[in-house]
$ cat work26.tsv   # TSV, C-alpha atoms and all ligand atoms
chain	number	residue	atom	x	y	z
A	1	MET	CA	135.91	98.51	115.21
A	2	THR	CA	134.01	101.14	117.22
A	3	PRO	CA	135.82	104.48	116.96
A	4	VAL	CA	136.34	106.71	119.97
A	5	ILE	CA	134.02	109.71	119.60
A	6	ALA	CA	135.39	113.05	120.77
A	7	ARG	CA	132.99	115.99	120.98
A	8	THR	CA	135.01	118.37	123.15
A	9	ARG	CA	138.61	119.53	123.16
A	10	ALA	CA	139.23	117.60	126.40
A	11	GLU	CA	137.83	114.39	124.90
A	12	LEU	CA	139.95	114.90	121.79
A	13	ALA	CA	143.12	115.57	123.80
A	14	ALA	CA	142.53	112.42	125.88
A	15	ALA	CA	141.87	110.29	122.77
A	16	ARG	CA	144.86	111.79	120.92
A	17	SER	CA	147.21	111.01	123.82
A	18	ARG	CA	146.17	107.34	123.64
A	19	VAL	CA	146.96	107.01	119.91
A	20	GLN	CA	150.00	104.81	119.37
A	21	GLY	CA	152.09	105.18	116.22
A	22	THR	CA	151.12	107.49	113.37
A	23	LEU	CA	147.79	109.25	112.81
A	24	ALA	CA	146.10	110.28	109.54
A	25	LEU	CA	143.23	112.78	109.52
A	26	VAL	CA	140.31	112.82	107.05
A	27	PRO	CA	138.55	116.20	107.42
A	28	THR	CA	134.89	116.17	106.30
A	29	MET	CA	131.64	118.05	106.66
A	30	GLY	CA	129.74	114.77	107.19
A	31	ALA	CA	126.93	113.27	105.07
A	32	LEU	CA	129.53	110.65	104.27
A	33	HIS	CA	129.38	108.80	100.95
A	34	GLU	CA	131.57	106.42	98.97
A	35	GLY	CA	134.03	109.26	98.19
A	36	HIS	CA	134.65	109.79	101.91
A	37	ARG	CA	134.92	106.04	102.43
A	38	SER	CA	137.69	105.93	99.84
A	39	LEU	CA	139.55	108.68	101.73
A	40	ILE	CA	139.33	106.71	104.99
A	41	ARG	CA	140.63	103.61	103.23
A	42	ALA	CA	143.49	105.63	101.68
A	43	ALA	CA	144.27	107.11	105.10
A	44	ARG	CA	144.67	103.62	106.55
A	45	GLU	CA	147.54	103.08	104.12
A	46	HIS	CA	149.31	106.18	105.42
A	47	ALA	CA	149.09	105.74	109.20
A	48	ASP	CA	148.43	103.29	112.04
A	49	THR	CA	145.25	105.09	113.15
A	50	VAL	CA	142.71	107.13	111.17
A	51	ALA	CA	140.82	110.09	112.62
A	52	VAL	CA	137.79	111.53	110.80
A	53	SER	CA	136.50	115.00	111.62
A	54	VAL	CA	132.86	115.84	110.98
A	55	PHE	CA	132.16	119.56	111.16
A	56	VAL	CA	130.09	121.85	108.95
A	57	ASN	CA	132.30	124.93	109.08
A	58	PRO	CA	130.25	128.15	109.11
A	59	LEU	CA	133.32	130.23	108.19
A	60	GLN	CA	133.52	128.81	104.66
A	61	PHE	CA	129.87	129.51	103.73
A	62	GLY	CA	128.89	132.90	102.34
A	63	PRO	CA	125.58	134.66	102.98
A	64	GLY	CA	122.87	132.98	100.91
A	65	GLU	CA	124.76	129.67	100.73
A	66	ASP	CA	123.45	126.37	102.11
A	67	PHE	CA	125.00	126.33	105.62
A	68	GLU	CA	121.62	125.91	107.38
A	69	ARG	CA	120.29	123.18	105.09
A	70	TYR	CA	123.62	121.33	104.60
A	71	PRO	CA	122.83	117.62	105.32
A	72	ARG	CA	123.68	116.55	108.88
A	73	THR	CA	123.57	112.76	109.30
A	74	LEU	CA	125.84	112.07	112.27
A	75	ASP	CA	124.49	108.62	113.24
A	76	ASP	CA	124.98	107.33	109.69
A	77	ASP	CA	128.40	109.00	109.53
A	78	LEU	CA	129.53	107.23	112.71
A	79	ALA	CA	128.43	103.90	111.23
A	80	VAL	CA	130.49	104.63	108.07
A	81	CYS	CA	133.55	105.54	110.17
A	82	ALA	CA	133.18	102.31	112.16
A	83	ALA	CA	132.73	100.19	109.02
A	84	GLU	CA	135.83	101.69	107.39
A	85	GLY	CA	138.02	101.18	110.46
A	86	ALA	CA	138.48	104.75	111.70
A	87	GLY	CA	139.84	104.79	115.26
A	88	LEU	CA	138.72	108.29	116.22
A	89	VAL	CA	135.92	110.63	115.17
A	90	PHE	CA	136.11	114.30	116.15
A	91	THR	CA	132.68	115.88	115.93
A	92	PRO	CA	132.82	119.30	117.61
A	93	SER	CA	129.91	121.72	117.94
A	94	ARG	CA	130.28	125.25	116.60
A	95	GLU	CA	130.96	126.47	120.17
A	96	VAL	CA	133.73	123.90	120.67
A	97	MET	CA	135.39	124.82	117.38
A	98	TYR	CA	134.93	128.58	117.75
A	99	PRO	CA	134.63	129.39	121.48
A	100	ALA	CA	135.02	133.06	120.48
A	101	GLU	CA	134.50	134.85	117.17
A	102	PRO	CA	137.94	134.38	115.53
A	103	GLN	CA	139.92	137.58	115.05
A	104	VAL	CA	143.02	136.02	113.52
A	105	THR	CA	142.35	133.84	110.49
A	106	ILE	CA	144.20	132.41	107.51
A	107	ARG	CA	144.20	134.53	104.34
A	108	SER	CA	144.23	132.41	101.24
A	109	GLY	CA	145.90	135.15	99.14
A	110	PRO	CA	145.59	135.59	95.37
A	111	MET	CA	145.05	131.87	94.77
A	112	GLY	CA	141.94	131.98	96.96
A	113	GLU	CA	140.50	134.74	94.78
A	114	ARG	CA	140.71	132.74	91.57
A	115	VAL	CA	138.20	130.34	89.95
A	116	GLU	CA	135.98	128.96	92.80
A	117	GLY	CA	137.09	131.96	94.91
A	118	ILE	CA	135.32	134.28	92.46
A	119	THR	CA	132.06	132.32	92.83
A	120	ARG	CA	132.46	131.99	96.62
A	121	PRO	CA	134.34	135.06	97.94
A	122	GLY	CA	135.94	134.33	101.34
A	123	HIS	CA	135.31	130.59	101.03
A	124	PHE	CA	138.98	129.58	100.93
A	125	ASP	CA	139.90	131.83	103.89
A	126	GLY	CA	137.26	130.04	106.00
A	127	MET	CA	138.24	126.62	104.71
A	128	LEU	CA	141.97	127.10	105.37
A	129	THR	CA	141.26	128.54	108.83
A	130	VAL	CA	139.31	125.47	109.92
A	131	VAL	CA	141.80	123.05	108.34
A	132	MET	CA	144.64	124.77	110.21
A	133	LYS	CA	142.64	124.55	113.47
A	134	LEU	CA	141.94	120.86	112.84
A	135	PHE	CA	145.66	120.26	112.24
A	136	GLN	CA	146.51	122.01	115.53
A	137	LEU	CA	143.85	120.16	117.52
A	138	VAL	CA	144.28	116.66	116.07
A	139	ARG	CA	148.05	116.89	115.32
A	140	PRO	CA	147.99	114.32	112.49
A	141	ASP	CA	151.09	113.07	110.70
A	142	ALA	CA	149.17	113.02	107.40
A	143	ALA	CA	145.86	114.39	106.11
A	144	ILE	CA	143.87	113.06	103.15
A	145	PHE	CA	141.79	115.27	100.83
A	146	GLY	CA	139.80	114.46	97.69
A	147	GLU	CA	140.94	115.61	94.25
A	148	LYS	CA	137.28	116.42	93.55
A	149	ASP	CA	137.91	119.68	95.42
A	150	ALA	CA	141.09	120.30	93.40
A	151	GLN	CA	141.54	123.98	94.22
A	152	GLN	CA	140.97	123.24	97.92
A	153	LEU	CA	143.66	120.54	97.80
A	154	ALA	CA	146.09	122.86	95.99
A	155	MET	CA	145.45	125.62	98.54
A	156	ILE	CA	146.01	123.29	101.50
A	157	ARG	CA	149.28	122.09	99.96
A	158	ARG	CA	150.31	125.73	99.55
A	159	MET	CA	149.34	126.64	103.14
A	160	VAL	CA	151.34	123.72	104.51
A	161	ALA	CA	154.37	124.74	102.42
A	162	ASP	CA	154.13	128.48	103.09
A	163	LEU	CA	153.51	128.15	106.84
A	164	ASP	CA	155.76	125.11	107.47
A	165	VAL	CA	152.93	123.01	108.85
A	166	PRO	CA	154.30	119.55	109.77
A	167	VAL	CA	151.52	117.54	108.10
A	168	ARG	CA	151.89	115.39	104.97
A	169	VAL	CA	149.05	116.25	102.59
A	170	VAL	CA	147.81	113.37	100.44
A	171	GLY	CA	145.35	113.66	97.52
A	172	ALA	CA	142.92	110.85	96.63
A	173	PRO	CA	141.15	110.37	93.28
A	174	THR	CA	137.54	111.39	92.66
A	175	VAL	CA	134.97	108.64	93.14
A	176	ARG	CA	132.16	108.73	90.57
A	177	GLU	CA	128.76	107.13	90.02
A	178	PRO	CA	128.77	104.55	87.19
A	179	ASP	CA	127.38	107.24	84.82
A	180	GLY	CA	130.23	109.64	85.68
A	181	LEU	CA	128.59	112.01	88.20
A	182	ALA	CA	131.15	112.87	90.90
A	183	LEU	CA	129.89	111.85	94.33
A	184	SER	CA	129.10	114.87	96.47
A	185	SER	CA	127.10	115.39	99.64
A	186	ARG	CA	125.14	118.03	97.75
A	187	ASN	CA	123.92	115.47	95.16
A	188	ARG	CA	121.16	114.56	97.60
A	189	TYR	CA	119.55	117.96	96.93
A	190	LEU	CA	119.01	117.01	93.26
A	191	SER	CA	115.66	115.88	91.82
A	192	GLU	CA	115.85	113.26	89.05
A	193	PRO	CA	115.60	115.85	86.21
A	194	GLU	CA	118.19	118.04	87.97
A	195	ARG	CA	120.51	115.07	88.29
A	196	ARG	CA	120.26	114.46	84.53
A	197	THR	CA	121.32	118.05	83.89
A	198	ALA	CA	124.09	117.80	86.52
A	199	LEU	CA	125.59	114.91	84.54
A	200	SER	CA	126.64	117.45	81.90
A	201	LEU	CA	129.50	118.55	84.18
A	202	SER	CA	131.31	115.20	84.03
A	203	ARG	CA	130.29	114.72	80.37
A	204	ALA	CA	131.88	118.07	79.50
A	205	LEU	CA	135.10	117.06	81.25
A	206	ARG	CA	135.20	113.75	79.35
A	207	ALA	CA	134.59	115.57	76.06
A	208	GLY	CA	137.48	117.89	76.96
A	209	GLU	CA	139.71	114.93	77.72
A	210	ASP	CA	138.77	113.23	74.43
A	211	ALA	CA	139.70	116.39	72.51
A	212	SER	CA	142.86	117.12	74.51
A	213	ALA	CA	145.26	115.52	72.01
A	214	ALA	CA	144.55	118.55	69.81
A	215	GLY	CA	145.71	120.93	72.56
A	216	PRO	CA	144.34	123.10	75.39
A	217	ALA	CA	142.01	125.29	73.30
A	218	ALA	CA	140.41	122.25	71.66
A	219	ALA	CA	139.83	120.64	75.09
A	220	VAL	CA	138.06	123.74	76.42
A	221	GLU	CA	136.01	124.14	73.25
A	222	ALA	CA	134.77	120.52	73.35
A	223	ALA	CA	133.80	120.83	77.01
A	224	ARG	CA	132.05	124.15	76.39
A	225	ALA	CA	129.91	122.64	73.61
A	226	VAL	CA	128.47	120.12	76.11
A	227	LEU	CA	127.83	122.84	78.70
A	228	ASP	CA	126.15	125.12	76.14
A	229	LYS	CA	123.66	122.34	75.40
A	230	ALA	CA	123.05	121.83	79.13
A	231	ALA	CA	122.30	125.54	79.52
A	232	ALA	CA	119.32	125.02	77.20
A	233	GLU	CA	117.98	121.94	79.02
A	234	ASP	CA	115.02	121.87	81.39
A	235	PRO	CA	116.08	122.36	84.16
A	236	PRO	CA	119.06	124.34	82.84
A	237	LEU	CA	122.66	124.34	83.99
A	238	ALA	CA	123.73	127.83	85.10
A	239	LEU	CA	127.45	127.70	84.43
A	240	ASP	CA	129.72	129.44	86.94
A	241	TYR	CA	132.97	128.66	85.16
A	242	LEU	CA	134.83	126.33	82.84
A	243	VAL	CA	138.60	126.86	83.06
A	244	LEU	CA	141.80	125.10	82.18
A	245	VAL	CA	144.31	125.88	84.92
A	246	ASP	CA	147.75	125.13	86.27
A	247	PRO	CA	147.17	122.45	88.97
A	248	ALA	CA	149.44	124.13	91.53
A	249	THR	CA	148.35	127.78	91.19
A	250	PHE	CA	144.93	127.66	89.54
A	251	THR	CA	146.00	130.38	87.08
A	252	GLU	CA	144.53	129.91	83.60
A	253	ILE	CA	146.79	128.40	80.97
A	254	ASP	CA	146.88	129.22	77.26
A	255	ASP	CA	147.00	127.12	74.12
A	256	ALA	CA	150.82	127.00	74.17
A	257	HIS	CA	150.81	125.19	77.55
A	258	ARG	CA	152.54	121.80	77.76
A	259	GLY	CA	152.47	119.54	80.82
A	260	PRO	CA	149.84	118.92	83.51
A	261	ALA	CA	146.64	120.94	83.74
A	262	VAL	CA	143.25	120.73	85.43
A	263	LEU	CA	140.01	121.23	83.54
A	264	ALA	CA	137.65	122.58	86.20
A	265	VAL	CA	133.94	123.27	85.99
A	266	ALA	CA	131.23	124.52	88.34
A	267	GLY	CA	127.60	125.39	87.95
A	268	ARG	CA	124.22	125.47	89.56
A	269	VAL	CA	121.28	123.22	88.82
A	270	GLY	CA	118.23	124.62	90.60
A	271	THR	CA	119.71	125.88	93.86
A	272	THR	CA	122.48	123.26	94.03
A	273	HIS	CA	126.09	124.35	93.45
A	274	LEU	CA	128.23	121.53	92.03
A	275	ILE	CA	131.90	121.34	91.05
A	276	ASP	CA	133.98	118.80	89.17
A	277	ASN	CA	137.38	118.60	87.47
A	278	LEU	CA	139.66	116.30	85.52
A	279	PRO	CA	143.46	116.28	85.48
A	280	LEU	CA	144.81	116.46	81.90
A	281	ARG	CA	148.30	116.42	80.44
A	282	PHE	CA	149.33	118.21	77.25
A	283	GLY	CA	152.32	116.93	75.34
A	284	SER	CA	154.40	118.65	72.68
A	285	PRO	CA	152.83	118.27	69.20
A	286	LYS	CA	155.20	115.33	68.52
A	287	GLU	CA	154.29	113.52	71.78
A	288	SER	CA	150.53	113.91	71.40
A	301	LIG	N1	133.56	112.04	94.96
A	301	LIG	C1	134.58	112.19	95.79
A	301	LIG	N2	135.70	111.44	95.63
A	301	LIG	C2	136.75	111.59	96.46
A	301	LIG	N3	136.79	112.47	97.49
A	301	LIG	C3	135.71	113.24	97.68
A	301	LIG	C4	134.55	113.14	96.84
A	301	LIG	N4	133.63	114.05	97.28
A	301	LIG	C5	134.19	114.69	98.33
A	301	LIG	N5	135.43	114.21	98.58
A	301	LIG	C6	136.38	114.70	99.58
A	301	LIG	O1	135.86	114.48	100.87
A	301	LIG	C7	136.38	115.48	101.75
A	301	LIG	C8	135.26	116.07	102.51
A	301	LIG	O2	134.42	116.78	101.61
A	301	LIG	P1	132.94	117.19	101.93
A	301	LIG	O3	132.55	116.65	103.25
A	301	LIG	O4	132.77	118.63	101.65
A	301	LIG	O5	132.14	116.31	100.86
A	301	LIG	P2	131.53	116.71	99.52
A	301	LIG	O6	130.82	115.54	99.02
A	301	LIG	O7	132.60	117.37	98.69
A	301	LIG	O8	130.47	117.76	99.91
A	301	LIG	P3	129.96	118.99	99.11
A	301	LIG	O9	128.79	118.49	98.37
A	301	LIG	O10	129.66	119.87	100.25
A	301	LIG	O11	131.04	119.54	98.25
A	301	LIG	C9	137.12	116.49	100.88
A	301	LIG	O12	138.51	116.21	100.93
A	301	LIG	C10	136.55	116.20	99.51
A	301	LIG	O13	137.44	116.54	98.45
A	302	LIG	C1	138.19	120.38	104.21
A	302	LIG	C2	136.84	120.69	104.82
A	302	LIG	C3	136.40	119.56	105.73
A	302	LIG	C4	137.01	121.95	105.70
A	302	LIG	O1	135.80	122.32	106.28
A	302	LIG	C5	135.78	120.98	103.74
A	302	LIG	O2	136.13	122.08	102.97
A	302	LIG	C6	135.46	119.78	102.89
A	302	LIG	O3	134.65	118.97	103.37
A	302	LIG	O4	136.00	119.62	101.80
A	303	LIG	N1	133.52	120.30	99.56
A	303	LIG	C1	134.09	121.59	99.84
A	303	LIG	C2	133.43	122.26	100.96
A	303	LIG	C3	132.40	123.24	100.57
A	303	LIG	O1	131.77	123.13	99.50
A	303	LIG	O2	132.18	124.19	101.34

$ encode --input "work26.tsv" --output "structure tokens" --more "lines below"
Ligand SMILES: Nc1ncnc2c1ncn2[C@@H]1O[C@H](COP(=O)(O)OP(=O)(O)OP(=O)(O)O)[C@@H](O)[C@H]1O
Ligand SMILES: CC(C)(CO)[C@@H](O)C(=O)[O-]
Ligand code: BAL
Amino acid sequence: MTPVIARTRAELAAARSRVQGTLALVPTMGALHEGHRSLIRAAREHADTVAVSVFVNPLQFGPGEDFERYPRTLDDDLAVCAAEGAGLVFTPSREVMYPAEPQVTIRSGPMGERVEGITRPGHFDGMLTVVMKLFQLVRPDAAIFGEKDAQQLAMIRRMVADLDVPVRVVGAPTVREPDGLALSSRNRYLSEPERRTALSLSRALRAGEDASAAGPAAAVEAARAVLDKAAAEDPPLALDYLVLVDPATFTEIDDAHRGPAVLAVAGRVGTTHLIDNLPLRFGSPKES
């Protein structure tokens, strides 16, 4: 199927008015990989038509981040959208998305200042602002986001609840390489030695999972041991954070915690910022 490509608001409005039945949106920044493909396939199960947006949102990049060099591969992205059966691709320019410098934006609140928000101040405000704009422009019934960006997904769920946005938010599991590395558009920045070091992120999460029967502190300790080793590798991992958090609020949990949690990690290898996480569940001592 060849999707309709909308580059302007008028083209999008015309395409949207022709959609029959329900519509699911998959927001992306392009450079589509197997993780994005899985989101498009999941979206097809939630609606009659799938729309994919491809837009590298300047508002969610801080000074010194990789906005300029972020991979832009639109022709390949359109081929992926067609192969996966998307009916509509919205690919606005910066001027179409932000005809004027926005004065009124979404504030992500305390949750946006935790964990990844400490490493990337302002990131979640910019992300939520563009997601809200995409929801207004595309008017989807449902929107699909990857669990790889777990704090992003939790924040979007919270925005939709707090602001009564009529969109069903659906999370989809993280797609990994056979060796465990989470797929990410930024992986293409990595040299072979950097990729080997980057693997420590998913290895640390697995070590945490393996130790989790002994409780939250043991899970964090096992993950940290892997990351400490990676910090001494060549090239080294520069750890930004390793935290065990409540999945809904991203506040840190303590050793007494029982129930679901997310073990989240982020770090830099060379100049590449990578994140990963694993959902865990802690039972009472008898259950575990
Ligand atoms: N490995 C993955 N598995 C499942 N979903 C993913 C994966 N990687 C990204 N996604 C999801 O795809 C959507 C678009 O993300 P984005 O275009 O930023 O890709 P990305 O690979 O996360 O890029 P980046 O390297 O910039 O973080 C988000 O909902 C994100 O969570
Ligand atoms: C949701 C999103 C497309 C908003 O720019 C982006 O943060 C991403 O690709 O995860
Ligand atoms: N994948 C989340 C978008 C970002 O890193 O800016």

$ closest_atom_pairs --input "work26.tsv" --of "chain A" --to "ligand LIG 303 (chain A)" --cutoff "10 Å" --atoms "only C-alpha atoms and all ligand atoms" --output "tab-separated table"
residue	atom	partner	partner_atom	distance
A:Thr28	CA	A:LIG303	N1	8.0
A:Met29	CA	A:LIG303	C2	7.3
A:Val56	CA	A:LIG303	O2	8.2
A:Asn57	CA	A:LIG303	O2	7.8
A:Pro58	CA	A:LIG303	O2	8.9
A:Leu59	CA	A:LIG303	O2	9.2
A:Gln60	CA	A:LIG303	O2	5.8
A:Phe61	CA	A:LIG303	O2	6.3
A:Gly62	CA	A:LIG303	O2	9.4
A:Glu65	CA	A:LIG303	O2	9.2
A:Asp66	CA	A:LIG303	O2	9.0
A:Phe67	CA	A:LIG303	O2	8.6
A:Tyr70	CA	A:LIG303	O2	9.6
A:Glu116	CA	A:LIG303	O1	9.8
A:Arg120	CA	A:LIG303	O2	9.1
A:His123	CA	A:LIG303	O2	7.1
A:Phe124	CA	A:LIG303	O2	8.7
A:Gly126	CA	A:LIG303	O2	9.0
A:Met127	CA	A:LIG303	O2	7.3
A:Phe145	CA	A:LIG303	N1	9.8
A:Gly146	CA	A:LIG303	N1	8.8
A:Lys148	CA	A:LIG303	N1	8.1
A:Asp149	CA	A:LIG303	N1	6.1
A:Ala150	CA	A:LIG303	C1	9.6
A:Gln151	CA	A:LIG303	C1	9.6
A:Gln152	CA	A:LIG303	C1	7.3
A:Leu153	CA	A:LIG303	C1	9.8
A:Ser184	CA	A:LIG303	N1	7.7
A:Ser185	CA	A:LIG303	N1	8.1
A:Arg186	CA	A:LIG303	O1	8.5
A:His273	CA	A:LIG303	O1	8.4
A:Leu274	CA	A:LIG303	O1	8.4
A:Ile275	CA	A:LIG303	O1	8.6

$ residues_near_point --input "work26.tsv" --point "(138.3, 119.0, 77.7)" --cutoff "7 Å" --atoms "all atoms listed in the file" --output "list in words"
Ala204, Leu205, Arg206, Ala207, Gly208, Glu209, Asp210, Ala211, Ser212, Ala219, Val220, Ala222, Ala223 and Leu263 of chain A

$ residues_around --input "work26.tsv" --residues "A:Arg107" --least-positions-apart "6" --cutoff "12 Å" --atoms "only C-alpha atoms" --output "MDAnalysis selection string"
chainID A and resid 113 121:130 132 155:156 158:159 162:163

$ axis_aligned_box --input "work26.tsv" --around "stretch 40-44 of chain A" --padding-each-side "8 Å" --output "lines of an AutoDock Vina configuration file"
center_x = 142.0
center_y = 105.4
center_z = 104.1
size_x = 21.3
size_y = 19.5
size_z = 20.9

$ closest_residue --input "work26.tsv" --among "A:Pro140, A:Gly259, A:Gly283, A:Gly85" --to "A:Ser38" --atoms "only C-alpha atoms"
A:Gly85

$ closest_residue --input "work26.tsv" --among "A:Arg69, A:Arg41, A:His36, A:Arg16" --to "A:Ala182" --atoms "only C-alpha atoms"
A:His36

$ closest_residue --input "work26.tsv" --among "A:Asp255, A:Asp240, A:Asp75, A:Glu101" --to "A:Thr119" --atoms "only C-alpha atoms"
A:Asp240

$ residues_around --input "work26.tsv" --residues "A:Leu12" --least-positions-apart "3" --cutoff "9 Å" --atoms "all atoms listed in the file" --output "ChimeraX atom specification"
/A:5-9,15-17,88-90,137-138

$ closest_residue --input "work26.tsv" --among "A:Ala230, A:Leu181, A:Val170, A:Ala261" --to "A:Pro216" --atoms "all atoms listed in the file"
A:Ala261
